[in-house]
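Following: one structure in structure tokens, then a few remarks.
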Amino acid sequence: MQRTALRRVAVTALALAALGGGALATAGSASAVSLKDGHVETGELGLYYSPDRGGAVFDLYLEDEDFSDDRFPGSGAGAGQPVNDNTASYWNNDVHTWWVYTDANRWGLEGSLPPGYIGNATANFRNKISSAYYYKY
């Protein structure tokens, strides 16, 4: 958990610096992760609006304890729709297990998505996910 926390703190600091002080000034920053931009990059969890990784995708690099204020970015099916209770499939493109919950703040049913996992949400989770974390307490 400590190794991941340090990485995520660094990315958060970079993102905040970019918002407050302009754009990141490196032309070759292919390793920089764009947060919640609709593209699943290495180290992110993708939550898809449609089954089989279809439609718009909500990508997470950092935990999100409450999806109620999030919307699917992009232009595919579901773009602009709320993420809360609207996930039909996933892709864990991270080296760590992600945990999803049917309610905000780690409440409700809990499911784990191991590294590299790609699949459709089961009946217990389809269109019911409200929070996600990259570590478990």
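Labels used: A, B, ... for chains in the order of the structure tokens, numbers from 1 for residues in each chain, and numbers from 1 for ligands as shown.
Residue neighbourhood of A:Gln81, excluding near-sequence residues (fewer than 3 positions): Tyr49, Ala56, Asp70, Arg71, Phe72, Pro73, Ala77, Gly78, Asn84 and Asn86 of chain A, at 10 Å, using only C-alpha atoms.
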Requested in this report: May I have all residues of stretch 15-137 of chain A that DSSP, computed from the backbone, assigns to alpha helix (DSSP H), given as a list in words?
Outcome: Ala15, Leu16, Ala17, Ala18, Leu19, Gly20 and Gly21 of chain A
Write out the residues from the selection above, keeping C-alpha atoms, as a PDB file, in the first residue's frame.
ATOM      1  CA  ALA A  15      -2.216  17.262 -11.550  1.00  0.00           C
ATOM      2  CA  LEU A  16      -2.814  20.043  -9.027  1.00  0.00           C
ATOM      3  CA  ALA A  17       0.278  21.905 -10.209  1.00  0.00           C
ATOM      4  CA  ALA A  18      -0.940  21.669 -13.803  1.00  0.00           C
ATOM      5  CA  LEU A  19      -4.348  23.047 -12.848  1.00  0.00           C
ATOM      6  CA  GLY A  20      -2.959  25.866 -10.748  1.00  0.00           C
ATOM      7  CA  GLY A  21       0.105  26.844 -12.713  1.00  0.00           C
TER       8      GLY A  21
END
Report task. For A:Tyr117, work out the shell of residues within 12 Å, counting only C-alpha atoms and skipping chain neighbours fewer than 2 positions away, then give it as a list in words. Result -> Glu44, Leu45, Gly46, Leu47, Arg53, Ser89, Tyr90, Trp91, Asn92, Asn93, Asp94, Val95, His96, Thr97, Trp98, Trp99, Ser112, Leu113, Pro114, Pro115, Gly119, Asn120 and Ala121 of chain A
Can I get the selection written as a PDB file, in the first residue's frame, with N, CA and C atoms?
ATOM      1  N   GLU A  44      -4.453   2.364 -14.408  1.00  0.00           N
ATOM      2  CA  GLU A  44      -5.816   2.844 -14.179  1.00  0.00           C
ATOM      3  C   GLU A  44      -6.837   1.704 -14.187  1.00  0.00           C
ATOM      4  N   LEU A  45      -7.983   1.988 -13.583  1.00  0.00           N
ATOM      5  CA  LEU A  45      -9.158   1.130 -13.648  1.00  0.00           C
ATOM      6  C   LEU A  45     -10.157   1.798 -14.576  1.00  0.00           C
ATOM      7  N   GLY A  46     -10.661   1.051 -15.546  1.00  0.00           N
ATOM      8  CA  GLY A  46     -11.679   1.573 -16.449  1.00  0.00           C
ATOM      9  C   GLY A  46     -13.039   0.997 -16.118  1.00  0.00           C
ATOM     10  N   LEU A  47     -14.014   1.865 -15.938  1.00  0.00           N
ATOM     11  CA  LEU A  47     -15.408   1.472 -15.712  1.00  0.00           C
ATOM     12  C   LEU A  47     -16.179   1.879 -16.965  1.00  0.00           C
ATOM     13  N   ARG A  53     -16.697  -3.853 -22.447  1.00  0.00           N
ATOM     14  CA  ARG A  53     -15.880  -2.640 -22.552  1.00  0.00           C
ATOM     15  C   ARG A  53     -16.372  -1.719 -23.657  1.00  0.00           C
ATOM     16  N   SER A  89     -19.209  -2.926 -17.331  1.00  0.00           N
ATOM     17  CA  SER A  89     -18.009  -3.748 -17.506  1.00  0.00           C
ATOM     18  C   SER A  89     -16.789  -2.983 -17.011  1.00  0.00           C
ATOM     19  N   TYR A  90     -15.663  -3.726 -16.877  1.00  0.00           N
ATOM     20  CA  TYR A  90     -14.453  -3.144 -16.306  1.00  0.00           C
ATOM     21  C   TYR A  90     -13.202  -3.605 -17.033  1.00  0.00           C
ATOM     22  N   TRP A  91     -12.126  -2.856 -16.793  1.00  0.00           N
ATOM     23  CA  TRP A  91     -10.779  -3.270 -17.171  1.00  0.00           C
ATOM     24  C   TRP A  91      -9.831  -2.726 -16.112  1.00  0.00           C
ATOM     25  N   ASN A  92      -9.181  -3.617 -15.385  1.00  0.00           N
ATOM     26  CA  ASN A  92      -8.171  -3.204 -14.416  1.00  0.00           C
ATOM     27  C   ASN A  92      -6.819  -3.232 -15.112  1.00  0.00           C
ATOM     28  N   ASN A  93      -6.374  -2.089 -15.575  1.00  0.00           N
ATOM     29  CA  ASN A  93      -5.098  -1.963 -16.277  1.00  0.00           C
ATOM     30  C   ASN A  93      -4.005  -1.502 -15.298  1.00  0.00           C
ATOM     31  N   ASP A  94      -4.094  -1.991 -14.089  1.00  0.00           N
ATOM     32  CA  ASP A  94      -3.161  -1.646 -13.018  1.00  0.00           C
ATOM     33  C   ASP A  94      -2.476  -2.923 -12.540  1.00  0.00           C
ATOM     34  N   VAL A  95      -1.394  -2.782 -11.798  1.00  0.00           N
ATOM     35  CA  VAL A  95      -0.706  -3.944 -11.223  1.00  0.00           C
ATOM     36  C   VAL A  95      -1.252  -4.282  -9.843  1.00  0.00           C
ATOM     37  N   HIS A  96      -2.214  -3.506  -9.375  1.00  0.00           N
ATOM     38  CA  HIS A  96      -2.810  -3.715  -8.060  1.00  0.00           C
ATOM     39  C   HIS A  96      -4.281  -4.085  -8.198  1.00  0.00           C
ATOM     40  N   THR A  97      -4.786  -4.830  -7.241  1.00  0.00           N
ATOM     41  CA  THR A  97      -6.211  -5.155  -7.188  1.00  0.00           C
ATOM     42  C   THR A  97      -6.995  -3.885  -6.859  1.00  0.00           C
ATOM     43  N   TRP A  98      -8.106  -3.696  -7.546  1.00  0.00           N
ATOM     44  CA  TRP A  98      -9.029  -2.606  -7.246  1.00  0.00           C
ATOM     45  C   TRP A  98     -10.253  -3.209  -6.568  1.00  0.00           C
ATOM     46  N   TRP A  99     -10.855  -2.449  -5.677  1.00  0.00           N
ATOM     47  CA  TRP A  99     -12.051  -2.861  -4.947  1.00  0.00           C
ATOM     48  C   TRP A  99     -13.190  -1.930  -5.329  1.00  0.00           C
ATOM     49  N   SER A 112     -13.766  -7.498  -5.861  1.00  0.00           N
ATOM     50  CA  SER A 112     -12.355  -7.232  -6.168  1.00  0.00           C
ATOM     51  C   SER A 112     -12.085  -7.508  -7.637  1.00  0.00           C
ATOM     52  N   LEU A 113     -11.261  -6.669  -8.221  1.00  0.00           N
ATOM     53  CA  LEU A 113     -10.861  -6.789  -9.616  1.00  0.00           C
ATOM     54  C   LEU A 113      -9.345  -6.928  -9.641  1.00  0.00           C
ATOM     55  N   PRO A 114      -8.831  -8.138  -9.848  1.00  0.00           N
ATOM     56  CA  PRO A 114      -7.385  -8.355  -9.814  1.00  0.00           C
ATOM     57  C   PRO A 114      -6.680  -7.667 -10.995  1.00  0.00           C
ATOM     58  N   PRO A 115      -5.370  -7.503 -10.884  1.00  0.00           N
ATOM     59  CA  PRO A 115      -4.612  -6.867 -11.973  1.00  0.00           C
ATOM     60  C   PRO A 115      -4.877  -7.545 -13.321  1.00  0.00           C
ATOM     61  N   GLY A 119     -13.756  -7.779 -17.826  1.00  0.00           N
ATOM     62  CA  GLY A 119     -14.983  -8.545 -17.788  1.00  0.00           C
ATOM     63  C   GLY A 119     -16.212  -7.689 -17.584  1.00  0.00           C
ATOM     64  N   ASN A 120     -17.356  -8.358 -17.698  1.00  0.00           N
ATOM     65  CA  ASN A 120     -18.635  -7.708 -17.472  1.00  0.00           C
ATOM     66  C   ASN A 120     -18.991  -7.792 -15.990  1.00  0.00           C
ATOM     67  N   ALA A 121     -19.699  -6.803 -15.512  1.00  0.00           N
ATOM     68  CA  ALA A 121     -20.156  -6.800 -14.128  1.00  0.00           C
ATOM     69  C   ALA A 121     -21.197  -7.900 -13.935  1.00  0.00           C
TER      70      ALA A 121
END
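What separates atom CA of A:Gly111 from atom CA of A:Asn127 is a distance of 13.5 Å.
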Query raised in the report: So what do you get for atom CA of A:Asp52 versus atom CA of A:Asp66, distance-wise?
Result: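 These atoms are spaced 23.8 Å apart.
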**Report entry** Residue with smallest distance to A:Val83 - pool A:Ser68, A:Thr42, A:Ser34, A:Thr122, counting only C-alpha atoms
**Finding:**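 Among the listed residues, A:Ser68 lies closest to A:Val83.
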Requested in this report: With a distance cut-off of 10 Å and only C-alpha atoms, select the neighbouring residues of A:Glu65, excluding the residue or stretch itself and same-chain residues fewer than 6 positions from it, and output the selection as an MDAnalysis selection string.
Outcome: chainID A and resid 100:101 103:107 130:133
Go ahead and dump the residues you just picked, C-alpha atoms, as an mmCIF file, in the first residue's frame.
data_model
loop_
_atom_site.group_PDB
_atom_site.id
_atom_site.type_symbol
_atom_site.label_atom_id
_atom_site.label_comp_id
_atom_site.auth_asym_id
_atom_site.auth_seq_id
_atom_site.Cartn_x
_atom_site.Cartn_y
_atom_site.Cartn_z
ATOM 1 C CA VAL A 100 -15.513 -1.708 -6.054
ATOM 2 C CA TYR A 101 -18.547 -1.130 -3.843
ATOM 3 C CA ASP A 103 -22.509 2.233 -2.224
ATOM 4 C CA ALA A 104 -20.320 5.258 -1.576
ATOM 5 C CA ASN A 105 -17.497 5.176 0.966
ATOM 6 C CA ARG A 106 -16.865 1.406 0.864
ATOM 7 C CA TRP A 107 -20.437 0.501 1.806
ATOM 8 C CA SER A 130 -20.799 3.780 -6.441
ATOM 9 C CA SER A 131 -17.150 3.820 -5.257
ATOM 10 C CA ALA A 132 -13.749 2.288 -6.080
ATOM 11 C CA TYR A 133 -10.406 1.985 -4.285
#
